[in-house]
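Asker: Sharing upload.cif (mmCIF, C-alpha atoms) below.
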```
data_model
#
loop_
_atom_site.label_atom_id
_atom_site.label_comp_id
_atom_site.auth_asym_id
_atom_site.auth_seq_id
_atom_site.Cartn_x
_atom_site.Cartn_y
_atom_site.Cartn_z
CA MET A 2 157.73 253.28 6.92
CA THR A 3 158.13 257.04 7.00
CA GLU A 4 156.23 258.83 4.30
CA SER A 5 157.13 262.23 3.00
CA ILE A 6 154.59 264.99 3.47
CA ALA A 7 152.91 266.09 0.27
CA LEU A 8 153.17 269.84 0.72
CA ASP A 9 150.95 270.68 -2.22
CA ALA A 10 148.04 268.90 -0.62
CA LEU A 11 148.35 270.76 2.69
CA THR A 12 145.69 273.21 3.69
CA CYS A 13 147.06 275.85 6.02
CA GLU A 14 144.15 278.11 6.71
CA LEU A 15 145.54 279.62 9.88
CA LYS A 16 148.89 280.24 8.24
CA ASP A 17 147.24 281.99 5.28
CA GLU A 18 145.19 284.10 7.63
CA VAL A 19 148.14 285.05 9.84
CA ALA A 20 150.32 285.77 6.80
CA SER A 21 147.68 288.07 5.34
CA ARG A 22 147.55 290.05 8.60
CA ILE A 23 151.31 290.30 8.94
CA PRO A 24 152.78 290.13 5.42
CA ASP A 25 156.21 291.18 6.67
CA ALA A 26 156.51 288.36 9.23
CA ASN A 27 158.54 286.07 6.89
CA LEU A 28 156.75 282.96 8.16
CA ASP A 29 157.90 280.86 5.19
CA LEU A 30 161.57 281.57 5.69
CA CYS A 31 162.19 279.35 8.74
CA LEU A 32 165.41 277.34 8.44
CA THR A 33 164.56 275.37 11.61
CA CYS A 34 167.91 276.41 13.10
CA GLY A 35 166.41 276.77 16.59
CA ALA A 36 168.06 280.06 17.57
CA CYS A 37 164.60 281.18 18.71
CA THR A 38 164.02 278.10 20.84
CA GLY A 39 167.49 278.00 22.38
CA GLY A 40 167.07 281.46 23.87
CA CYS A 41 163.39 281.32 24.77
CA PRO A 42 162.47 281.02 28.47
CA ALA A 43 159.10 279.54 27.48
CA SER A 44 160.68 276.63 25.60
CA GLY A 45 159.55 273.32 27.03
CA GLN A 46 156.41 274.63 28.72
CA TYR A 47 153.40 272.58 27.62
CA ASP A 48 155.88 270.56 25.57
CA MET A 49 156.13 273.46 23.13
CA ASP A 50 158.69 275.95 21.82
CA PRO A 51 158.75 278.67 19.14
CA ARG A 52 160.30 276.54 16.40
CA LYS A 53 157.83 273.71 16.93
CA PHE A 54 154.91 276.12 17.06
CA LEU A 55 155.93 277.65 13.75
CA ARG A 56 156.42 274.19 12.17
CA MET A 57 152.89 273.30 13.25
CA LEU A 58 151.58 276.45 11.59
CA LEU A 59 153.42 275.67 8.36
CA LEU A 60 152.13 272.10 8.41
CA GLY A 61 148.54 273.21 8.81
CA MET A 62 148.06 271.82 12.33
CA ASP A 63 145.59 274.60 13.02
CA ASP A 64 143.49 272.87 15.69
CA GLU A 65 146.50 271.78 17.71
CA ILE A 66 147.94 275.32 17.64
CA VAL A 67 144.78 277.04 18.78
CA LYS A 68 144.16 274.48 21.50
CA ASN A 69 147.65 274.72 22.97
CA PRO A 70 147.78 277.19 25.89
CA TRP A 71 151.40 277.95 25.03
CA ALA A 72 150.34 281.09 23.17
CA TRP A 73 149.51 282.51 26.62
CA VAL A 74 152.76 281.35 28.27
CA CYS A 75 154.90 283.08 25.63
CA THR A 76 155.14 286.73 26.67
CA MET A 77 155.84 288.02 23.14
CA CYS A 78 159.06 289.44 24.57
CA GLY A 79 160.73 289.49 21.17
CA ARG A 80 163.98 287.75 22.03
CA CYS A 81 163.33 285.14 19.31
CA VAL A 82 162.89 287.58 16.46
CA THR A 83 166.03 289.44 17.53
CA ALA A 84 167.97 286.15 17.35
CA CYS A 85 166.36 284.86 14.15
CA PRO A 86 168.66 284.98 11.08
CA MET A 87 165.58 285.28 8.87
CA LYS A 88 163.85 287.87 11.04
CA ILE A 89 160.67 285.85 11.38
CA ASN A 90 158.27 287.81 13.54
CA ILE A 91 157.27 285.11 16.01
CA PRO A 92 155.73 287.53 18.57
CA LYS A 93 153.31 288.83 15.93
CA PHE A 94 152.54 285.23 14.97
CA ILE A 95 151.73 284.48 18.62
CA PHE A 96 149.58 287.61 18.84
CA ASN A 97 147.56 286.36 15.87
CA VAL A 98 147.23 282.88 17.37
CA ARG A 99 145.79 284.52 20.49
CA ALA A 100 143.41 286.41 18.22
CA ALA A 101 142.33 283.11 16.66
CA TRP A 102 141.02 281.90 20.03
CA PRO A 103 137.31 282.53 20.55
CA ARG A 104 137.20 285.63 22.75
CA GLU A 105 135.29 283.87 25.54
CA LYS A 106 137.93 281.13 25.71
CA ARG A 107 140.88 283.51 26.14
CA PRO A 108 142.23 283.73 29.74
CA LYS A 109 139.65 285.19 32.07
CA GLY A 110 142.12 287.41 33.93
CA ILE A 111 143.32 289.17 30.81
CA ARG A 112 139.85 289.38 29.33
CA GLY A 113 138.41 290.84 32.54
CA SER A 114 141.10 293.52 32.65
CA CYS A 115 140.52 294.41 29.00
CA ASP A 116 136.76 294.68 29.55
CA GLN A 117 137.26 296.84 32.64
CA HIS A 118 139.60 299.13 30.73
CA ILE A 119 137.09 299.66 27.92
CA LYS A 120 134.37 300.36 30.47
CA SER A 121 136.15 302.50 33.03
CA GLY A 122 139.47 303.60 31.53
CA ASN A 123 141.78 301.33 33.50
CA ALA A 124 142.35 297.61 33.99
CA MET A 125 141.42 297.72 37.69
CA GLY A 126 137.95 299.01 36.88
CA VAL A 127 138.24 302.03 39.17
CA PRO A 128 135.73 304.81 38.56
CA LYS A 129 137.35 308.10 37.55
CA GLU A 130 136.02 309.83 40.69
CA ASP A 131 137.79 307.29 42.91
CA PHE A 132 141.05 307.79 41.06
CA VAL A 133 140.83 311.56 41.49
CA PHE A 134 139.89 311.13 45.16
CA THR A 135 142.90 308.85 45.75
CA ILE A 136 145.47 311.17 44.21
CA GLU A 137 144.06 314.17 46.05
CA ASP A 138 143.99 312.26 49.32
CA VAL A 139 147.59 311.02 49.00
CA ALA A 140 148.71 314.51 47.98
CA GLU A 141 147.04 316.07 51.04
CA GLU A 142 148.83 313.62 53.31
CA ILE A 143 152.22 314.44 51.78
CA LYS A 144 151.58 318.17 52.09
CA GLU A 145 150.73 317.77 55.78
CA GLU A 146 153.43 315.34 56.77
CA GLN A 147 156.36 316.40 54.59
CA PRO A 148 156.91 320.15 55.01
CA ASP A 149 159.39 320.27 52.09
CA PHE A 150 156.50 319.39 49.82
CA SER A 151 153.77 321.62 51.19
CA GLY A 152 153.57 323.21 47.74
CA LEU A 153 152.92 319.94 45.95
CA ASN A 154 150.30 320.41 43.24
CA ILE A 155 148.68 317.23 41.94
CA THR A 156 145.99 317.77 39.32
CA ALA A 157 143.81 315.80 36.93
CA ASP A 158 142.73 316.98 33.47
CA ARG A 159 144.35 320.40 33.91
CA VAL A 160 143.88 322.05 30.52
CA GLY A 161 147.06 323.33 28.93
CA ALA A 162 149.49 321.28 31.04
CA HIS A 163 152.68 320.59 29.12
CA MET A 164 152.94 316.96 30.13
CA VAL A 165 150.56 314.12 30.89
CA LEU A 166 151.51 311.16 33.04
CA ASN A 167 150.28 307.71 32.10
CA GLN A 168 150.44 305.55 35.21
CA ASN A 169 149.75 301.87 35.80
CA SER A 170 146.38 301.74 37.56
CA ARG A 171 147.61 299.19 40.08
CA GLU A 172 149.61 301.96 41.75
CA PRO A 173 146.73 304.24 42.82
CA VAL A 174 144.57 301.21 43.64
CA THR A 175 146.80 298.75 45.45
CA GLU A 176 149.88 300.76 46.44
CA PRO A 177 149.08 304.49 46.44
CA ASP A 178 152.26 305.30 48.38
CA GLU A 179 154.26 304.29 45.31
CA MET A 180 152.95 307.33 43.42
CA SER A 181 154.30 310.05 45.67
CA PRO A 182 158.07 309.49 45.22
CA LEU A 183 157.59 310.21 41.51
CA TRP A 184 155.44 313.25 42.30
CA LYS A 185 158.19 314.65 44.49
CA VAL A 186 160.80 314.26 41.77
CA LEU A 187 158.48 315.98 39.29
CA HIS A 188 157.80 318.73 41.82
CA LEU A 189 161.51 319.43 42.30
CA THR A 190 162.15 319.62 38.56
CA GLY A 191 159.31 322.10 38.20
CA VAL A 192 157.72 320.28 35.27
CA ASP A 193 154.17 321.32 34.37
CA TRP A 194 152.14 318.10 34.37
CA THR A 195 148.73 316.57 35.03
CA TYR A 196 146.99 313.18 35.08
CA PRO A 197 144.42 312.38 32.39
CA THR A 198 141.14 310.85 33.56
CA VAL A 199 140.15 309.25 30.26
CA MET A 200 141.83 305.87 29.61
CA TRP A 201 144.29 306.88 32.29
CA GLY A 202 145.61 303.39 33.07
CA GLY A 203 149.07 302.96 31.59
CA GLU A 204 148.53 299.25 31.02
CA ASN A 205 146.62 297.78 28.09
CA TYR A 206 145.28 294.27 28.56
CA CYS A 207 143.28 294.44 25.33
CA MET A 208 146.64 294.37 23.58
CA PHE A 209 147.59 291.23 25.54
CA LEU A 210 144.17 289.74 24.83
CA ALA A 211 144.79 290.32 21.09
CA ASP A 212 141.56 292.31 20.98
CA ASP A 213 142.43 294.79 18.24
CA GLU A 214 139.12 296.55 18.46
CA GLY A 215 139.40 297.14 22.21
CA TRP A 216 143.04 298.10 21.93
CA ARG A 217 142.30 300.64 19.20
CA TYR A 218 139.32 302.06 21.12
CA ILE A 219 141.44 302.67 24.22
CA MET A 220 144.20 304.34 22.24
CA GLU A 221 141.80 306.53 20.24
CA GLU A 222 139.90 307.72 23.28
CA PHE A 223 143.15 308.43 25.10
CA ALA A 224 144.73 310.30 22.18
CA HIS A 225 141.57 312.34 21.66
CA HIS A 226 141.48 313.36 25.32
CA ILE A 227 145.12 314.44 25.28
CA GLU A 228 144.87 316.29 21.96
CA HIS A 229 141.53 318.01 22.37
CA THR A 230 140.80 318.33 26.09
CA ILE A 231 144.12 318.68 27.89
CA LYS A 232 146.09 319.78 24.81
CA ALA A 233 149.35 318.42 26.25
CA LYS A 234 152.54 318.31 24.22
CA VAL A 235 154.15 315.30 25.87
CA VAL A 236 152.79 312.00 27.15
CA VAL A 237 155.05 310.24 29.60
CA ASN A 238 154.85 306.60 30.42
CA THR A 239 155.96 305.63 33.91
CA GLU A 240 157.18 302.30 32.62
CA MET B 2 149.56 304.63 17.98
CA ARG B 3 151.56 303.51 14.97
CA LYS B 4 149.67 300.24 14.63
CA PHE B 5 146.34 302.00 14.28
CA ASN B 6 147.58 305.22 12.63
CA ILE B 7 145.97 307.32 15.32
CA PRO B 8 146.62 310.96 14.52
CA HIS B 9 148.36 312.86 17.30
CA THR B 10 150.71 315.78 17.72
CA PHE B 11 151.99 314.96 21.22
CA GLU B 12 155.29 313.26 21.79
CA LEU B 13 155.57 309.95 23.68
CA LYS B 14 158.37 309.63 26.19
CA SER B 15 159.52 307.28 28.89
CA ILE B 16 160.03 308.70 32.38
CA ILE B 17 163.53 307.16 32.27
CA GLU B 18 164.57 309.47 29.43
CA LEU B 19 163.35 312.44 31.43
CA PHE B 20 165.16 311.40 34.62
CA ALA B 21 168.38 311.14 32.58
CA GLN B 22 167.80 314.47 30.86
CA TRP B 23 167.06 316.26 34.13
CA ILE B 24 170.17 314.83 35.78
CA ARG B 25 172.35 315.89 32.81
CA GLU B 26 170.86 319.39 32.80
CA GLY B 27 171.26 319.72 36.56
CA THR B 28 167.50 320.13 37.12
CA LEU B 29 167.44 316.97 39.18
CA LYS B 30 170.19 317.17 41.77
CA VAL B 31 171.01 313.70 42.95
CA ASN B 32 174.14 311.69 43.64
CA ALA B 33 175.36 308.47 45.22
CA ASP B 34 176.95 309.89 48.39
CA TRP B 35 174.44 308.02 50.56
CA ASN B 36 175.74 304.68 49.28
CA ARG B 37 179.47 305.42 49.28
CA ASP B 38 180.05 303.61 52.58
CA LEU B 39 177.00 301.37 52.64
CA LYS B 40 177.99 299.82 49.28
CA ILE B 41 174.56 298.26 48.73
CA LYS B 42 174.50 296.51 45.39
CA PHE B 43 171.89 297.04 42.69
CA THR B 44 171.02 295.38 39.42
CA VAL B 45 168.34 296.27 36.89
CA GLN B 46 165.72 294.46 34.84
CA ASP B 47 165.58 295.84 31.28
CA PRO B 48 161.88 295.87 30.36
CA CYS B 49 161.42 294.16 26.96
CA ASN B 50 159.34 297.04 25.67
CA ILE B 51 162.11 299.60 26.04
CA ALA B 52 165.08 297.27 25.55
CA ARG B 53 164.01 295.27 22.53
CA LYS B 54 160.87 296.64 20.98
CA ILE B 55 162.30 300.02 20.05
CA GLU B 56 165.10 300.24 17.54
CA SER B 57 167.62 301.85 19.81
CA ASP B 58 169.53 301.36 23.03
CA HIS B 59 169.04 304.93 24.14
CA ILE B 60 166.52 304.26 26.93
CA VAL B 61 168.45 301.33 28.44
CA ASP B 62 171.58 303.51 28.30
CA ASP B 63 169.70 306.30 30.06
CA LEU B 64 168.47 303.77 32.60
CA ARG B 65 172.03 302.75 33.49
CA PHE B 66 173.14 306.38 33.60
CA VAL B 67 170.38 307.23 36.09
CA ILE B 68 171.00 304.18 38.26
CA LYS B 69 174.79 304.65 38.36
CA THR B 70 174.25 308.29 39.29
CA VAL B 71 172.01 307.41 42.23
CA VAL B 72 173.68 304.26 43.59
CA GLY B 73 177.30 304.73 42.47
CA GLU B 74 178.91 303.07 39.46
CA GLU B 75 180.80 300.60 41.68
CA ASN B 76 177.54 299.47 43.25
CA PHE B 77 175.78 298.61 40.03
CA ILE B 78 176.04 295.05 38.67
CA ASP B 79 174.55 294.24 35.29
CA MET B 80 172.87 290.90 34.67
CA ILE B 81 174.30 288.83 31.86
CA PRO B 82 172.99 288.97 29.18
CA ASN B 83 171.42 292.41 29.32
CA ARG B 84 169.90 295.28 27.31
CA SER B 85 168.37 294.10 24.01
CA ASN B 86 169.63 290.57 24.68
CA ASN B 87 168.12 290.43 28.15
CA PHE B 88 165.72 287.67 29.15
CA CYS B 89 162.11 288.59 29.70
CA CYS B 90 161.15 288.17 33.37
CA GLY B 91 158.09 286.16 32.38
CA GLY B 92 155.53 288.64 33.68
CA GLY B 93 154.87 290.35 30.35
CA GLY B 94 152.28 289.87 27.65
CA GLY B 95 149.55 289.44 30.23
CA ALA B 96 151.25 286.35 31.73
CA LEU B 97 150.59 287.53 35.28
CA GLN B 98 146.87 287.31 34.60
CA ALA B 99 146.81 284.42 32.13
CA GLY B 100 146.35 281.79 34.82
CA HIS B 101 149.27 279.50 33.88
CA THR B 102 151.08 280.13 37.15
CA GLU B 103 153.29 277.04 37.19
CA GLN B 104 154.51 277.74 33.65
CA ARG B 105 155.01 281.44 34.41
CA ARG B 106 157.22 280.58 37.37
CA ALA B 107 159.21 278.00 35.39
CA TYR B 108 159.70 280.67 32.72
CA GLY B 109 160.94 283.11 35.36
CA LYS B 110 163.53 280.69 36.77
CA ILE B 111 166.07 281.91 34.18
CA LYS B 112 165.54 285.46 35.40
CA PHE B 113 165.76 284.42 39.04
CA ASP B 114 169.09 282.64 38.42
CA GLN B 115 170.40 285.66 36.50
CA ILE B 116 169.56 287.93 39.43
CA MET B 117 171.10 285.58 42.00
CA GLU B 118 174.26 285.41 39.89
CA THR B 119 174.76 289.19 40.25
CA GLY B 120 174.65 288.91 44.06
CA ALA B 121 172.75 292.20 44.13
CA ASP B 122 170.70 293.20 47.18
CA TYR B 123 168.16 295.10 45.09
CA VAL B 124 166.62 294.69 41.65
CA ILE B 125 165.35 297.91 40.12
CA THR B 126 162.33 297.24 37.92
CA PRO B 127 161.16 300.16 35.81
CA CYS B 128 158.07 298.22 34.68
CA HIS B 129 155.14 297.31 36.90
CA ASN B 130 154.74 293.80 35.45
CA CYS B 131 158.45 293.06 35.91
CA HIS B 132 158.18 294.31 39.48
CA ALA B 133 155.32 291.93 40.31
CA GLN B 134 156.90 288.95 38.57
CA ILE B 135 160.43 289.42 39.98
CA GLU B 136 159.06 289.86 43.48
CA ASP B 137 156.99 286.70 43.09
CA MET B 138 160.08 284.80 41.86
CA CYS B 139 161.97 285.88 44.95
CA HIS B 140 159.28 284.49 47.28
CA HIS B 141 158.75 281.36 45.23
CA TYR B 142 162.39 280.36 44.81
CA GLY B 143 163.56 281.68 48.16
CA GLY B 144 165.75 284.57 47.04
CA LYS B 145 167.01 287.31 49.34
CA TYR B 146 166.90 290.31 47.04
CA HIS B 147 164.37 293.16 47.19
CA THR B 148 162.47 294.51 44.20
CA VAL B 149 162.07 298.28 43.94
CA HIS B 150 160.76 300.95 41.62
CA LEU B 151 163.33 303.40 40.24
CA TRP B 152 161.68 306.46 41.82
CA THR B 153 162.07 304.95 45.30
CA ILE B 154 165.85 304.87 44.95
CA ILE B 155 166.03 308.36 43.42
CA CYS B 156 164.11 309.79 46.39
CA LEU B 157 166.17 307.74 48.83
CA ALA B 158 169.37 309.16 47.34
CA MET B 159 167.97 312.69 47.61
CA GLY B 160 166.96 312.15 51.24
CA ILE B 161 163.29 312.82 50.49
CA LEU B 162 161.79 309.36 50.76
CA GLY B 163 158.93 309.45 53.25
CA GLU B 164 158.11 306.92 55.91
CA ASN B 165 155.13 305.43 54.01
CA GLU B 166 157.03 305.13 50.78
CA ARG B 167 159.31 302.27 51.80
CA THR B 168 157.17 299.15 51.31
CA TYR B 169 159.68 297.43 49.06
CA LEU B 170 162.89 298.35 50.86
CA GLY B 171 164.73 295.74 52.90
CA PRO B 172 165.60 296.19 56.60
CA ASP B 173 168.99 297.64 55.57
CA LEU B 174 167.32 300.71 54.06
CA ALA B 175 163.95 300.81 55.78
CA GLU B 176 165.04 303.58 58.13
CA HIS B 177 167.77 305.12 56.02
CA GLY B 178 167.60 308.90 55.90
CA LEU B 179 164.49 309.14 58.06
CA GLU B 180 166.19 310.58 61.13
CA LYS B 181 167.23 313.62 59.12
CA GLU B 182 163.63 314.77 58.96
CA ASP B 183 163.53 315.18 62.74
CA THR B 184 166.49 317.54 62.95
#
```
Is it possible to express this structure as structure tokens?
Answerer:
Amino acid sequence: MTESIALDALTCELKDEVASRIPDANLDLCLTCGACTGGCPASGQYDMDPRKFLRMLLLGMDDEIVKNPWAWVCTMCGRCVTACPMKINIPKFIFNVRAAWPREKRPKGIRGSCDQHIKSGNAMGVPKEDFVFTIEDVAEEIKEEQPDFSGLNITADRVGAHMVLNQNSREPVTEPDEMSPLWKVLHLTGVDWTYPTVMWGGENYCMFLADDEGWRYIMEEFAHHIEHTIKAKVVVNTE
Amino acid sequence: MRKFNIPHTFELKSIIELFAQWIREGTLKVNADWNRDLKIKFTVQDPCNIARKIESDHIVDDLRFVIKTVVGEENFIDMIPNRSNNFCCGGGGGALQAGHTEQRRAYGKIKFDQIMETGADYVITPCHNCHAQIEDMCHHYGGKYHTVHLWTIICLAMGILGENERTYLGPDLAEHGLEKEDT
């Protein structure tokens, strides 16, 4: 025989914790309509979907939630919250589920990139000197081989530059020739720009890892460098 | 910045907004003449962070303005759905490094089908994660499209794309515009 669930007797520790971190997430308002799930590309992976995951939270199935790898398959893309009639912030819920995983159990690839970023300023773990060497080297090659761009001026940490460019560190490391087309466009527009060398990687895997402390540290160091060392007015993201 | 209330006076911008602004002001002189006869078709992946996570369509509108300017309006085919209703490619949120490869690829199948439906030869991906994921989908599911960064196509249209800067172009464009440099 099916028994009804005695809601008063439920302990929902994870739910209480998540709700206290994101009071505006409306977790209690779910109507189970499934608009989230119907439009979610991660639905069905690991036999999970956003509606089910939220039900589990509301039913206090804390262990099952934190053991299910689905929190790392969801990309927190936000399509669910856009579709939700009650505006339940599922991506922020997922972020907090990730944060509930012991740090050492979170995916190694993401954790490694976060740790590298904290240590060396970019997810690839490239020392600042190597980054500067790479951009100077690629710039030299362009100047030699492409006469139209012999005046190309690529700098790092140039004090007083108007604009700073925040680039994904995979470009200088794995595909340096993908940087120069952008440089050439910037050169032709005459914009006054430079690269930062502190927290210069445009990515932020600490955010994906749900490591608030690491995420904040990266942002603070970056902002401080831009404000007080380079004194730039504009920060441009290449993505 | 907002999440942690980090004090700052600088302004944050996307390169896409600047490309659009420079084209409108005439600072960046580029057009689609190169593709008028070639008629190579392009589509675009709207990155979730600029399409959905900001409260405005202005960057995805700028993105389409820039692309139509450089490839020709008639050569641009939007995926359906698009903009703030677009599907995530499946490479975001750290998924490319989370280790759940089979699930990531199953997730991306929706995106792959969306791209194939457009019939486009090229997918422009203004986000590095989208670029990696959409390229991987193409290999995995046997697609024929090519995945390119936006700046590659801008430089191609301006006739300033160097020989080394063509890694992601298909054979149809691999040599395009290069002979001009010799004359």
Asker: Which residues would end up in the selection if the PyMOL selection byres ((chain A) within 7 of (chain B)) were applied here, given that I need the answer as a PDB file with C-alpha atoms, keeping the file's coordinate frame?
Answerer:
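Just written: part_30.pdb:
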```pdb
ATOM      1  CA  PRO A  42     162.470 281.020  28.470  1.00  0.00           C
ATOM      2  CA  ALA A  43     159.100 279.540  27.480  1.00  0.00           C
ATOM      3  CA  GLN A  46     156.410 274.630  28.720  1.00  0.00           C
ATOM      4  CA  TRP A  73     149.510 282.510  26.620  1.00  0.00           C
ATOM      5  CA  VAL A  74     152.760 281.350  28.270  1.00  0.00           C
ATOM      6  CA  THR A  76     155.140 286.730  26.670  1.00  0.00           C
ATOM      7  CA  MET A  77     155.840 288.020  23.140  1.00  0.00           C
ATOM      8  CA  CYS A  78     159.060 289.440  24.570  1.00  0.00           C
ATOM      9  CA  GLY A  79     160.730 289.490  21.170  1.00  0.00           C
ATOM     10  CA  ARG A  80     163.980 287.750  22.030  1.00  0.00           C
ATOM     11  CA  PRO A 108     142.230 283.730  29.740  1.00  0.00           C
ATOM     12  CA  GLY A 110     142.120 287.410  33.930  1.00  0.00           C
ATOM     13  CA  ILE A 111     143.320 289.170  30.810  1.00  0.00           C
ATOM     14  CA  ASP A 178     152.260 305.300  48.380  1.00  0.00           C
ATOM     15  CA  GLU A 179     154.260 304.290  45.310  1.00  0.00           C
ATOM     16  CA  PRO A 182     158.070 309.490  45.220  1.00  0.00           C
ATOM     17  CA  LEU A 183     157.590 310.210  41.510  1.00  0.00           C
ATOM     18  CA  THR A 190     162.150 319.620  38.560  1.00  0.00           C
ATOM     19  CA  TYR A 206     145.280 294.270  28.560  1.00  0.00           C
ATOM     20  CA  PHE A 209     147.590 291.230  25.540  1.00  0.00           C
ATOM     21  CA  ARG A 217     142.300 300.640  19.200  1.00  0.00           C
ATOM     22  CA  MET A 220     144.200 304.340  22.240  1.00  0.00           C
ATOM     23  CA  GLU A 221     141.800 306.530  20.240  1.00  0.00           C
ATOM     24  CA  ALA A 224     144.730 310.300  22.180  1.00  0.00           C
ATOM     25  CA  GLU A 228     144.870 316.290  21.960  1.00  0.00           C
ATOM     26  CA  ALA A 233     149.350 318.420  26.250  1.00  0.00           C
ATOM     27  CA  LYS A 234     152.540 318.310  24.220  1.00  0.00           C
ATOM     28  CA  VAL A 235     154.150 315.300  25.870  1.00  0.00           C
ATOM     29  CA  VAL A 236     152.790 312.000  27.150  1.00  0.00           C
ATOM     30  CA  VAL A 237     155.050 310.240  29.600  1.00  0.00           C
ATOM     31  CA  ASN A 238     154.850 306.600  30.420  1.00  0.00           C
ATOM     32  CA  THR A 239     155.960 305.630  33.910  1.00  0.00           C
ATOM     33  CA  GLU A 240     157.180 302.300  32.620  1.00  0.00           C
TER      34      GLU A 240
END
```
Asker: Using only C-alpha atoms, find the one residue out of B:Ala21, B:Leu179, B:Ala158, B:Ala133 that sits nearest to Gly73 in chain B.
Answerer: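 Of all the options, B:Ala158 lies closest to Gly73 in chain B.
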Asker: So what does the PyMOL selection byres ((chain A and resi 204) around 8) actually pick up in this one, as a list in words?
Answerer: Asn123, Ala124, Gln168, Asn169, Ser170, Gly202, Gly203, Asn205 and Tyr206 of chain A
Asker: Tell me, as an mmCIF file with C-alpha atoms, in the frame of the given file, which residues lie within 8 Å of Ala33 in chain B, counting all atoms listed in the file; anything in the same chain fewer than 4 positions away does not count.
Answerer:
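Final file, part.cif:
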```cif
data_model
loop_
_atom_site.group_PDB
_atom_site.id
_atom_site.type_symbol
_atom_site.label_atom_id
_atom_site.label_comp_id
_atom_site.auth_asym_id
_atom_site.auth_seq_id
_atom_site.Cartn_x
_atom_site.Cartn_y
_atom_site.Cartn_z
ATOM 1 C CA ARG B 37 179.470 305.420 49.280
ATOM 2 C CA LYS B 69 174.790 304.650 38.360
ATOM 3 C CA THR B 70 174.250 308.290 39.290
ATOM 4 C CA VAL B 71 172.010 307.410 42.230
ATOM 5 C CA VAL B 72 173.680 304.260 43.590
ATOM 6 C CA GLY B 73 177.300 304.730 42.470
ATOM 7 C CA ALA B 158 169.370 309.160 47.340
#
```
Asker: Quick one: which residues end up in the PyMOL selection byres ((chain B and resi 115) around 12) for this structure, as a count of residues only?
Answerer: 30
Asker: Within 9 Å of (158.7, 289.0, 5.1) (file coordinates; all atoms listed in the file), which protein or nucleic acid residues are there? I'd like them as a ChimeraX atom specification.
Answerer: /A:23-30,87-90
Asker: Report, in Å to a single decimal, how far apart CA of Arg3 in chain B and CA of Trp194 in chain A are.
Answerer: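 Separation of CA of Trp194 in chain A and CA of Arg3 in chain B: 24.3 Å.
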Asker: Using all atoms listed in the file, find the one residue out of A:Gly191, A:Pro92, A:Pro70, A:Pro173 that sits nearest to Asp131 in chain A.
Answerer: A:Pro173
Asker: Closest to Gly126 in chain A among A:Lys109, A:Lys53, A:Arg99, A:Arg171, using only C-alpha atoms?
Answerer: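 Comparing A:Lys109, A:Lys53, A:Arg99, A:Arg171 against Gly126 in chain A, the winner is A:Arg171.
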Asker: So which one's closest to Ile41 in chain B, B:Ile55, B:Ile125, B:Leu174, B:Ile68? Using all atoms listed in the file, please.
Answerer: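 Selected residue with least distance to Ile41 in chain B: B:Leu174.
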Asker: Figure out the distance between CA of Leu170 in chain B and CA of Glu136 in chain B, please, to one decimal in Å.
Answerer: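 We find that CA of Glu136 in chain B and CA of Leu170 in chain B lie 11.9 Å from each other.
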Asker: Take every atom of range 166-175 of chain B listed in the file, fit an axis-aligned box around them, add 4 Å per side, and give the centre and edge lengths in Å to one decimal as JSON.
Answerer:
```
{"center_x": 163.0, "center_y": 300.4, "center_z": 52.8, "size_x": 20.0, "size_y": 17.4, "size_z": 15.5}
```
Asker: Of the candidates A:Pro148, A:Cys34, A:Glu222, A:Asp212, which shows the shortest atom-to-atom distance to Ala100 in chain A, using all atoms listed in the file?
Answerer: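 Of A:Pro148, A:Cys34, A:Glu222, A:Asp212, the one nearest Ala100 in chain A, counting all atoms listed in the file, is A:Asp212.
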Asker: Which distance in Å separates CA of Phe66 in chain B and CA of Met180 in chain A, to one decimal?
Answerer: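 Interatomic distance, CA of Phe66 in chain B to CA of Met180 in chain A: 22.5 Å.
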Asker: Identify which of the residues A:Glu172, A:Glu4, A:Glu137, A:Asp158 lies closest to Met200 in chain A, counting only C-alpha atoms when measuring atom-to-atom distances.
Answerer: A:Asp158
Asker: Using all atoms listed in the file, determine which residues lie at most 8 Å from range 54-57 of chain A, disregarding the query and same-chain residues fewer than 4 positions distant; provide the list as a list in words.
Answerer: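 So the residues in contact are Leu28, Met49, Asp50, Gly61, Met62, Asp63, Glu65, Ile66 and Ile91 of chain A.
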Asker: What's around Pro197 in chain A at 9 Å? Count all atoms listed in the file, leave out sequence neighbours fewer than 6 positions away in its own chain, and write the answer as a list of chain:residue names.
Answerer: A:Thr156, A:Ala157, A:Asp158, A:Arg159, A:Val165, A:Leu166, A:Asn167, A:Phe223, A:His226, A:Ile227, A:Ile231
Asker: Could you list as a tab-separated table (two decimals) with C-alpha atoms, in the coordinates of the input every residue that has an atom within 10 Å of (145.8, 273.0, 3.3), using the file's coordinates and counting all atoms listed in the file?
Answerer:
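Generated file (point.tsv):
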```
chain	number	residue	atom	x	y	z
A	8	LEU	CA	153.17	269.84	0.72
A	9	ASP	CA	150.95	270.68	-2.22
A	10	ALA	CA	148.04	268.90	-0.62
A	11	LEU	CA	148.35	270.76	2.69
A	12	THR	CA	145.69	273.21	3.69
A	13	CYS	CA	147.06	275.85	6.02
A	14	GLU	CA	144.15	278.11	6.71
A	15	LEU	CA	145.54	279.62	9.88
A	16	LYS	CA	148.89	280.24	8.24
A	17	ASP	CA	147.24	281.99	5.28
A	59	LEU	CA	153.42	275.67	8.36
A	60	LEU	CA	152.13	272.10	8.41
A	61	GLY	CA	148.54	273.21	8.81
A	62	MET	CA	148.06	271.82	12.33
A	63	ASP	CA	145.59	274.60	13.02
```
